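A.B. asks: My structure is in start.cif, and what it holds is mmCIF, C-alpha atoms and all ligand atoms:
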```
data_entry
#
loop_
_atom_site.label_atom_id
_atom_site.label_comp_id
_atom_site.auth_asym_id
_atom_site.auth_seq_id
_atom_site.Cartn_x
_atom_site.Cartn_y
_atom_site.Cartn_z
CA MET A 167 74.77 115.38 103.75
CA ASN A 168 75.64 112.12 102.00
CA ILE A 169 79.08 110.67 102.56
CA GLU A 170 80.65 110.45 99.12
CA LYS A 171 84.37 110.08 99.76
CA ALA A 172 86.29 107.43 101.64
CA VAL A 173 89.94 107.36 102.65
CA ILE A 174 91.61 103.95 102.81
CA PRO A 175 95.11 103.99 104.30
CA VAL A 176 97.29 101.14 103.02
CA ALA A 177 100.83 102.54 103.24
CA GLY A 178 102.01 100.57 106.30
CA LEU A 179 105.13 98.40 106.04
CA GLY A 180 103.20 95.23 106.81
CA THR A 181 105.96 93.87 109.02
CA ARG A 182 103.68 91.22 110.51
CA PHE A 183 103.39 89.67 107.08
CA LEU A 184 107.06 89.60 106.18
CA PRO A 185 108.44 88.17 103.98
CA ALA A 186 105.26 88.24 101.82
CA THR A 187 105.08 92.03 102.10
CA LEU A 188 108.51 92.44 100.53
CA SER A 189 106.68 92.40 97.22
CA ILE A 190 102.91 92.48 97.93
CA PRO A 191 101.11 95.24 99.85
CA LYS A 192 99.58 93.71 102.99
CA ALA A 193 96.07 94.69 101.89
CA MET A 194 96.52 92.69 98.66
CA ILE A 195 97.11 89.38 100.47
CA PRO A 196 94.00 87.30 99.79
CA VAL A 197 91.38 86.09 102.22
CA LEU A 198 90.70 82.80 100.42
CA ASP A 199 90.90 84.26 96.91
CA GLN A 200 90.12 87.94 97.31
CA PRO A 201 92.44 90.63 98.71
CA SER A 202 91.31 92.21 101.99
CA LEU A 203 91.37 95.56 100.17
CA HIS A 204 88.73 94.28 97.74
CA TYR A 205 86.35 93.55 100.65
CA CYS A 206 86.99 97.03 102.00
CA VAL A 207 86.35 98.75 98.65
CA ALA A 208 83.20 96.66 98.12
CA GLU A 209 81.93 97.71 101.57
CA ALA A 210 82.56 101.36 100.68
CA ILE A 211 80.78 101.05 97.33
CA ASN A 212 77.82 99.24 98.92
CA SER A 213 77.58 102.06 101.45
CA GLY A 214 77.15 104.72 98.76
CA ILE A 215 80.75 105.92 98.46
CA THR A 216 81.54 107.27 94.99
CA LYS A 217 85.19 108.27 95.38
CA ILE A 218 87.99 106.40 97.15
CA ILE A 219 91.27 107.98 98.14
CA PHE A 220 94.00 105.42 98.79
CA VAL A 221 96.87 106.57 100.98
CA ILE A 222 99.74 104.45 99.71
CA SER A 223 103.50 104.17 99.69
CA GLU A 224 105.41 104.93 96.49
CA ASN A 225 105.76 101.33 95.28
CA GLN A 226 102.10 100.33 95.80
CA LYS A 227 100.39 102.51 93.20
CA ASP A 228 100.70 100.27 90.13
CA ILE A 229 99.70 97.11 91.97
CA ILE A 230 96.57 98.63 93.51
CA GLU A 231 95.57 100.71 90.48
CA ASN A 232 95.98 97.72 88.21
CA TYR A 233 93.87 95.50 90.46
CA PHE A 234 90.94 97.94 90.44
CA SER A 235 91.06 98.74 86.73
CA CYS A 236 89.13 97.03 83.94
CA HIS A 237 90.61 93.72 82.81
CA ASP A 238 89.15 93.34 79.31
CA VAL A 239 91.00 90.14 78.39
CA VAL A 240 89.94 88.35 81.59
CA VAL A 241 86.38 89.70 81.31
CA ASP A 242 86.06 88.50 77.68
CA ALA A 243 87.41 85.06 78.58
CA LEU A 244 85.01 84.69 81.52
CA ARG A 245 82.09 85.87 79.42
CA SER A 246 82.76 83.35 76.67
CA LYS A 247 83.11 80.60 79.30
CA GLY A 248 79.86 81.75 80.88
CA ASP A 249 81.55 82.11 84.29
CA ILE A 250 79.12 84.71 85.62
CA GLU A 251 80.18 84.34 89.26
CA SER A 252 83.82 85.28 88.60
CA LEU A 253 82.68 87.99 86.20
CA ASN A 254 80.46 89.57 88.84
CA LYS A 255 83.32 89.60 91.35
CA ILE A 256 85.56 91.46 88.94
CA GLU A 257 82.91 93.88 87.78
CA GLU A 258 81.88 94.63 91.36
CA ILE A 259 84.91 96.81 91.84
CA SER A 260 86.24 97.94 88.48
CA HIS A 261 85.16 101.27 87.07
CA ILE A 262 82.25 101.64 89.47
CA VAL A 263 84.04 104.05 91.66
CA GLU A 264 86.44 106.92 91.11
CA MET A 265 89.86 106.30 92.64
CA ASP A 266 92.66 108.61 93.61
CA PHE A 267 96.04 108.02 95.18
CA VAL A 268 98.12 110.03 97.59
CA ILE A 269 101.56 109.03 98.76
CA GLN A 270 102.52 108.84 102.43
CA GLU A 271 106.29 109.01 102.28
CA THR A 272 106.95 108.00 105.87
CA PRO A 273 104.52 105.94 107.93
CA LEU A 274 104.15 108.27 110.92
CA GLY A 275 100.84 106.86 112.15
CA LEU A 276 97.17 106.55 111.21
CA GLY A 277 96.44 110.23 111.92
CA HIS A 278 99.29 111.24 109.63
CA ALA A 279 98.04 108.87 106.90
CA VAL A 280 94.55 110.42 107.01
CA LEU A 281 96.05 113.92 106.96
CA MET A 282 97.71 113.09 103.61
CA ALA A 283 94.21 113.02 102.05
CA LYS A 284 93.27 116.53 103.30
CA LYS A 285 93.31 118.27 99.90
CA MET A 286 91.47 115.48 98.11
CA VAL A 287 88.78 115.26 100.78
CA GLY A 288 87.96 118.99 100.81
CA LYS A 289 85.37 120.43 103.19
CA ASN A 290 82.79 117.66 103.33
CA PRO A 291 82.49 114.88 105.90
CA PHE A 292 84.11 111.63 104.78
CA ALA A 293 84.62 108.00 105.71
CA VAL A 294 87.77 106.15 106.71
CA LEU A 295 88.04 102.37 106.34
CA LEU A 296 90.97 100.30 107.59
CA PRO A 297 91.41 97.16 105.46
CA ASP A 298 92.99 95.32 108.42
CA ASP A 299 89.49 95.21 109.89
CA LEU A 300 87.41 92.83 107.82
CA ILE A 301 83.73 93.00 108.76
CA LEU A 302 81.50 90.43 107.09
CA GLY A 303 77.74 90.75 107.20
CA ASN A 304 74.69 91.15 105.02
CA ASN A 305 74.53 94.91 105.50
CA PRO A 306 77.73 96.96 105.33
CA THR A 307 78.76 98.42 108.69
CA LEU A 308 79.86 101.63 106.99
CA LYS A 309 76.35 102.08 105.61
CA LYS A 310 74.98 101.99 109.15
CA LEU A 311 77.56 104.57 110.22
CA CYS A 312 76.44 106.79 107.32
CA ALA A 313 72.82 106.49 108.49
CA ILE A 314 73.80 107.52 112.05
CA HIS A 315 75.69 110.46 110.54
CA ALA A 316 72.61 111.43 108.51
CA ASP A 317 70.70 111.67 111.81
CA GLY A 318 72.86 114.65 112.71
CA ASN A 319 75.99 113.10 114.24
CA GLU A 320 79.25 114.50 112.90
CA LEU A 321 81.62 111.88 114.31
CA VAL A 322 80.63 108.23 114.12
CA LEU A 323 82.82 105.21 114.89
CA ALA A 324 82.32 101.45 114.67
CA ILE A 325 82.88 99.87 118.07
CA LYS A 326 83.12 96.34 119.47
CA LYS A 327 83.46 94.68 122.88
CA VAL A 328 86.95 93.18 123.16
CA ALA A 329 88.81 90.83 125.49
CA PRO A 330 91.05 92.36 128.19
CA GLU A 331 94.25 91.19 126.46
CA ALA A 332 93.32 93.12 123.28
CA ILE A 333 92.78 96.48 124.98
CA SER A 334 96.35 97.76 125.02
CA SER A 335 96.67 97.45 121.23
CA LEU A 336 93.44 99.25 120.29
CA GLY A 337 91.64 102.59 120.58
CA ILE A 338 89.18 102.39 123.49
CA ILE A 339 86.11 104.56 124.03
CA ALA A 340 84.59 106.09 127.15
CA THR A 341 80.80 106.07 127.40
CA ASN A 342 78.13 106.44 130.05
CA ASP A 343 75.66 104.34 128.05
CA GLN A 344 75.34 100.76 129.19
CA LYS A 345 72.86 99.53 126.60
CA GLY A 346 71.88 99.81 122.96
CA LYS A 347 73.64 99.53 119.63
CA ILE A 348 74.34 103.28 119.43
CA ARG A 349 76.42 104.64 122.30
CA ASP A 350 77.27 108.22 123.12
CA ILE A 351 81.08 108.47 123.19
CA THR A 352 82.48 110.91 125.75
CA GLY A 353 86.18 110.27 125.12
CA VAL A 354 88.70 108.01 123.39
CA VAL A 355 92.15 106.78 124.31
CA GLU A 356 94.64 105.02 122.04
CA LYS A 357 96.26 101.83 123.31
CA PRO A 358 95.67 102.35 127.04
CA SER A 359 96.90 99.92 129.66
CA LEU A 360 94.14 97.63 130.92
CA LYS A 361 94.15 99.61 134.18
CA LYS A 362 93.61 102.95 132.47
CA ALA A 363 91.09 101.75 129.87
CA PRO A 364 87.75 103.59 130.22
CA SER A 365 85.75 100.57 128.94
CA ASP A 366 86.08 97.30 127.06
CA LEU A 367 84.69 98.82 123.86
CA ALA A 368 87.24 99.28 121.08
CA ILE A 369 87.22 101.40 117.93
CA VAL A 370 87.18 99.13 114.88
CA GLY A 371 88.45 100.54 111.58
CA ARG A 372 85.33 102.38 110.30
CA TYR A 373 84.90 106.10 110.85
CA ILE A 374 82.77 109.02 109.66
CA LEU A 375 84.73 112.21 110.26
CA PRO A 376 84.16 115.92 109.68
CA PHE A 377 86.77 118.00 107.80
CA GLN A 378 87.74 119.62 111.13
CA ILE A 379 89.62 116.40 111.86
CA PHE A 380 92.49 117.63 109.68
CA GLN A 381 93.13 120.67 111.87
CA ALA A 382 92.88 118.46 114.94
CA ILE A 383 95.48 116.07 113.48
CA GLU A 384 97.76 118.99 112.66
CA ASN A 385 97.47 120.11 116.28
CA SER A 386 98.17 116.62 117.63
CA ASN A 387 101.41 115.67 119.31
CA GLU A 388 103.00 112.26 119.02
CA GLY A 389 100.76 109.81 120.82
CA ALA A 390 100.86 106.07 121.53
CA LEU A 391 103.88 104.29 119.94
CA GLY A 392 105.35 107.74 119.17
CA GLU A 393 102.92 108.09 116.25
CA ILE A 394 100.40 110.72 115.14
CA GLN A 395 97.21 108.95 116.21
CA LEU A 396 93.80 109.50 114.62
CA THR A 397 92.23 108.64 117.97
CA ASP A 398 93.90 111.63 119.67
CA ALA A 399 92.51 114.02 117.03
CA ILE A 400 89.04 112.49 117.44
CA GLY A 401 89.38 112.94 121.21
CA ALA A 402 90.13 116.64 120.72
CA LEU A 403 86.93 117.12 118.66
CA ILE A 404 84.54 115.21 120.94
CA PRO A 405 83.93 118.07 123.44
CA HIS A 406 82.92 120.33 120.54
CA LEU A 407 81.09 117.99 118.16
CA GLY A 408 80.06 114.95 120.20
CA CYS A 409 80.54 111.42 118.90
CA LYS A 410 78.48 108.24 118.47
CA GLY A 411 79.65 104.65 118.47
CA TYR A 412 77.87 101.90 116.55
CA LEU A 413 78.21 98.55 118.31
CA PHE A 414 78.12 96.31 115.24
CA GLN A 415 77.21 92.63 115.55
CA ASP A 416 78.69 91.23 112.35
CA LYS A 417 81.71 88.91 112.15
CA HIS A 418 84.96 90.81 112.49
CA PHE A 419 88.47 89.59 111.68
CA ASP A 420 91.77 91.34 112.24
CA VAL A 421 93.34 90.41 108.91
CA GLY A 422 96.35 92.58 109.73
CA ILE A 423 97.83 89.57 111.53
CA PRO A 424 98.41 86.09 110.05
CA ILE A 425 96.13 84.21 112.46
CA GLY A 426 93.29 86.66 111.81
CA LEU A 427 93.74 86.23 108.07
CA LEU A 428 93.73 82.45 108.47
CA LYS A 429 90.49 82.55 110.52
CA ALA A 430 88.85 84.83 107.95
CA THR A 431 89.94 82.50 105.16
CA ILE A 432 88.48 79.47 106.95
CA HIS A 433 85.27 81.41 107.66
CA GLN A 434 84.89 82.25 103.98
CA ALA A 435 85.79 78.74 102.83
CA LEU A 436 83.11 77.28 105.13
CA LYS A 437 80.55 79.63 103.61
CA ARG A 438 81.27 78.65 100.02
CA ASP A 439 79.78 75.63 98.30
CA ASP A 440 82.93 74.91 96.29
CA THR A 441 85.16 74.67 99.38
CA HIS A 442 82.87 73.80 102.31
CA ASP A 443 82.77 69.97 102.17
CA ASP A 444 86.42 69.50 101.32
CA LEU A 445 87.48 71.75 104.20
CA VAL A 446 85.13 70.15 106.72
CA ASN A 447 86.41 66.66 105.83
CA TRP A 448 90.01 67.76 106.01
CA LEU A 449 89.47 69.44 109.40
CA ALA A 450 87.78 66.27 110.70
CA ASP A 451 90.80 64.21 109.60
CA LEU A 452 93.07 66.71 111.31
CA SER A 453 91.29 66.35 114.64
CA LEU A 454 91.36 62.55 114.31
CA ASP A 455 95.13 62.75 113.74
CA LYS A 456 95.46 64.66 117.02
CA LYS A 457 93.72 61.97 119.09
C1 LIG B 1 94.15 101.43 114.63
C2 LIG B 1 93.53 102.55 115.46
C3 LIG B 1 92.85 101.99 116.71
C4 LIG B 1 91.84 100.92 116.33
C5 LIG B 1 92.56 99.85 115.47
C6 LIG B 1 91.61 98.76 115.00
O1 LIG B 1 95.20 100.87 115.37
O2 LIG B 1 94.52 103.47 115.81
O3 LIG B 1 92.22 103.02 117.42
O4 LIG B 1 91.28 100.35 117.49
O5 LIG B 1 93.19 100.44 114.32
O6 LIG B 1 90.78 99.20 114.02
P1 LIG B 1 96.37 100.02 114.66
O7 LIG B 1 95.80 98.70 114.32
O8 LIG B 1 96.79 100.79 113.45
O9 LIG B 1 97.46 99.91 115.69
#
```
Hey, can you dump this file as structure tokens for me?
Ligand code: G1P
C.D. replies:
Amino acid sequence: MNIEKAVIPVAGLGTRFLPATLSIPKAMIPVLDQPSLHYCVAEAINSGITKIIFVISENQKDIIENYFSCHDVVVDALRSKGDIESLNKIEEISHIVEMDFVIQETPLGLGHAVLMAKKMVGKNPFAVLLPDDLILGNNPTLKKLCAIHADGNELVLAIKKVAPEAISSLGIIATNDQKGKIRDITGVVEKPSLKKAPSDLAIVGRYILPFQIFQAIENSNEGALGEIQLTDAIGALIPHLGCKGYLFQDKHFDVGIPIGLLKATIHQALKRDDTHDDLVNWLADLSLDKK
């Protein structure tokens, strides 16, 4: 069955980006000139998703809805200027996909955020994308997850090898497979200590989940950080449904923290013709200053 719906949780307080997040949702802060949420929506669309459900807080709806709607005045101006590149960027995301919004009144954790979308998701399998995880590559990682799902796997997660110091802030998988891009996942644990971590492979913000996840979240107790964790609900389903991990190779940035956003911005600026040379020269001057 094709994956048609995606849930994108954006309701967090964004405390690591204060004071900017006093008035802008974290996912709307740009990586160079494009909000991280735009990358996430584009990845969903390019993976075949036709409906996106944003889990938001009360004050975010207008900002996000407005961003993804059609901007006739801007479009007309760009068209008459012949600025096709900017036009394509805008048209990539507006009106191509159906969007819905559900409010998460209190941020009680990622599992709780996903649970808010239960009614809108219905009984079909669906995707979850976390905009804090920016994955840049030629082929969307979510599309690969969808293909693994189409091969008969109900639970599919993006995974990545991480450094020891990152383990205690991530979801970590257990697996007996030592090789290959697709690993059989036998268990998951949210934010384990380094000592208790079953591997150095972390879950990274892209999931294909069956509708049974909602019941599993409802049955979950408070987990790591006192929150309702999506990882715990996934762990409860694994003995019944199995689970695959896709070890993606593309560039990944944690844009949920300022340094990650800065790195992603530099990465993008180095890839673009209009910013590459200027940035390289400026960085060279910077390193000369240091000497
Ligand atoms: C969430 C998930 C965690 C995952 C991480 C990165 O954690 O709970 O399993 O490894 O995203 O995608 P958070 O960043 O919300 O603490």
A.B. asks: Find the residues near ligand LIG 1 (chain B). Use a cut-off of 6 Å, count all atoms listed in the file, and write them as a short mmCIF file (atom, residue, chain, number, x, y, z; two decimals) with C-alpha atoms, in the frame of the given file.
C.D. replies:
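And here's selection.cif as it stands now:
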```
data_model
loop_
_atom_site.label_atom_id
_atom_site.label_comp_id
_atom_site.auth_asym_id
_atom_site.auth_seq_id
_atom_site.Cartn_x
_atom_site.Cartn_y
_atom_site.Cartn_z
CA ASP A 299 89.49 95.21 109.89
CA LEU A 336 93.44 99.25 120.29
CA GLY A 337 91.64 102.59 120.58
CA GLU A 356 94.64 105.02 122.04
CA ALA A 368 87.24 99.28 121.08
CA ILE A 369 87.22 101.40 117.93
CA VAL A 370 87.18 99.13 114.88
CA GLY A 371 88.45 100.54 111.58
CA THR A 397 92.23 108.64 117.97
#
```
A.B. asks: Using only C-alpha atoms for the distances, tell me which of A:Glu384, A:Glu331, A:Glu224, A:Glu170 is nearest to Asp366 of chain A.
C.D. replies: A:Glu331
A.B. asks: Could you check which residues have any atom within 7 Å of (102.1, 106.7, 93.4), counting all atoms listed in the file with coordinates taken straight from the file, and then list them as a ChimeraX atom specification?
C.D. replies: /A:223-227,267-269
A.B. asks: Show me the residues close to (80.9, 106.5, 102.1) - anything with an atom within 10 Å, counting all atoms listed in the file - and format the list as a list in words.
C.D. replies: Asn168, Ile169, Glu170, Lys171, Ala172, Val173, Glu209, Ala210, Ile211, Asn212, Ser213, Gly214, Ile215, Thr216, Lys217, Ile218, Pro291, Phe292, Ala293, Val294, Leu295, Leu308, Lys309, Leu311, Cys312, Tyr373 and Ile374 of chain A
A.B. asks: If you count only C-alpha atoms, which residues fall within 10 Å of Glu271 of chain A, apart from same-chain ones fewer than 4 positions away, as number ranges by chain?
C.D. replies: A: 177, 221-224, 279, 282
A.B. asks: Considering only C-alpha atoms, state which residue in the set A:Met286, A:Val355, A:Ile259, A:Ile195 is at the smallest distance from Phe183 of chain A.
C.D. replies: A:Ile195
A.B. asks: A:Asp317, A:Asp298, A:Asp228, A:Glu257: which is nearest Gly422 of chain A, counting all atoms listed in the file?
C.D. replies: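 Looking at the shortest contact to Gly422 of chain A, the residue is A:Asp298.
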A.B. asks: What's the separation between atom CA of Val328 of chain A and atom CA of Leu367 of chain A, in Å to one decimal place?
C.D. replies: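 Between atom CA of Val328 of chain A and atom CA of Leu367 of chain A the gap works out to 6.1 Å.
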A.B. asks: For segment 380-424 of chain A of the structure just presented, write C-alpha atoms to a file, as a PDB file, in the first residue's frame.
C.D. replies:
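Contents of the output file selection.pdb:
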```pdb
ATOM      1  CA  PHE A 380      -1.692   4.960  18.077  1.00  0.00           C
ATOM      2  CA  GLN A 381      -2.884   2.227  20.434  1.00  0.00           C
ATOM      3  CA  ALA A 382       0.719   1.583  21.435  1.00  0.00           C
ATOM      4  CA  ILE A 383       1.205   5.289  22.239  1.00  0.00           C
ATOM      5  CA  GLU A 384      -2.012   5.305  24.259  1.00  0.00           C
ATOM      6  CA  ASN A 385      -0.675   2.352  26.237  1.00  0.00           C
ATOM      7  CA  SER A 386       2.721   4.000  26.800  1.00  0.00           C
ATOM      8  CA  ASN A 387       3.817   5.360  30.144  1.00  0.00           C
ATOM      9  CA  GLU A 388       6.001   8.413  30.546  1.00  0.00           C
ATOM     10  CA  GLY A 389       9.413   7.563  29.187  1.00  0.00           C
ATOM     11  CA  ALA A 390      12.735   9.404  28.864  1.00  0.00           C
ATOM     12  CA  LEU A 391      12.582  13.053  30.062  1.00  0.00           C
ATOM     13  CA  GLY A 392       9.144  12.283  31.570  1.00  0.00           C
ATOM     14  CA  GLU A 393       7.613  12.468  28.079  1.00  0.00           C
ATOM     15  CA  ILE A 394       5.394  10.173  25.993  1.00  0.00           C
ATOM     16  CA  GLN A 395       8.029   8.831  23.617  1.00  0.00           C
ATOM     17  CA  LEU A 396       7.323   7.563  20.101  1.00  0.00           C
ATOM     18  CA  THR A 397      10.299   5.232  20.471  1.00  0.00           C
ATOM     19  CA  ASP A 398       8.655   3.387  23.390  1.00  0.00           C
ATOM     20  CA  ALA A 399       5.498   2.762  21.333  1.00  0.00           C
ATOM     21  CA  ILE A 400       7.611   1.510  18.412  1.00  0.00           C
ATOM     22  CA  GLY A 401       9.435  -0.792  20.846  1.00  0.00           C
ATOM     23  CA  ALA A 402       6.115  -2.272  21.969  1.00  0.00           C
ATOM     24  CA  LEU A 403       5.145  -3.107  18.355  1.00  0.00           C
ATOM     25  CA  ILE A 404       8.454  -4.640  17.259  1.00  0.00           C
ATOM     26  CA  PRO A 405       7.837  -8.140  18.738  1.00  0.00           C
ATOM     27  CA  HIS A 406       4.543  -8.319  16.812  1.00  0.00           C
ATOM     28  CA  LEU A 407       5.307  -6.548  13.535  1.00  0.00           C
ATOM     29  CA  GLY A 408       9.092  -6.521  13.167  1.00  0.00           C
ATOM     30  CA  CYS A 409      10.980  -3.410  12.099  1.00  0.00           C
ATOM     31  CA  LYS A 410      13.601  -2.415   9.514  1.00  0.00           C
ATOM     32  CA  GLY A 411      16.175   0.340   9.698  1.00  0.00           C
ATOM     33  CA  TYR A 412      17.522   2.112   6.621  1.00  0.00           C
ATOM     34  CA  LEU A 413      21.111   3.235   7.138  1.00  0.00           C
ATOM     35  CA  PHE A 414      21.047   6.322   4.921  1.00  0.00           C
ATOM     36  CA  GLN A 415      24.279   7.798   3.563  1.00  0.00           C
ATOM     37  CA  ASP A 416      23.165  11.333   2.722  1.00  0.00           C
ATOM     38  CA  LYS A 417      24.268  14.483   4.562  1.00  0.00           C
ATOM     39  CA  HIS A 418      22.354  14.958   7.794  1.00  0.00           C
ATOM     40  CA  PHE A 419      22.138  18.090   9.933  1.00  0.00           C
ATOM     41  CA  ASP A 420      20.456  18.551  13.288  1.00  0.00           C
ATOM     42  CA  VAL A 421      18.894  21.923  12.547  1.00  0.00           C
ATOM     43  CA  GLY A 422      17.098  21.823  15.900  1.00  0.00           C
ATOM     44  CA  ILE A 423      20.234  23.356  17.439  1.00  0.00           C
ATOM     45  CA  PRO A 424      21.940  26.599  16.356  1.00  0.00           C
TER      46      PRO A 424
END
```
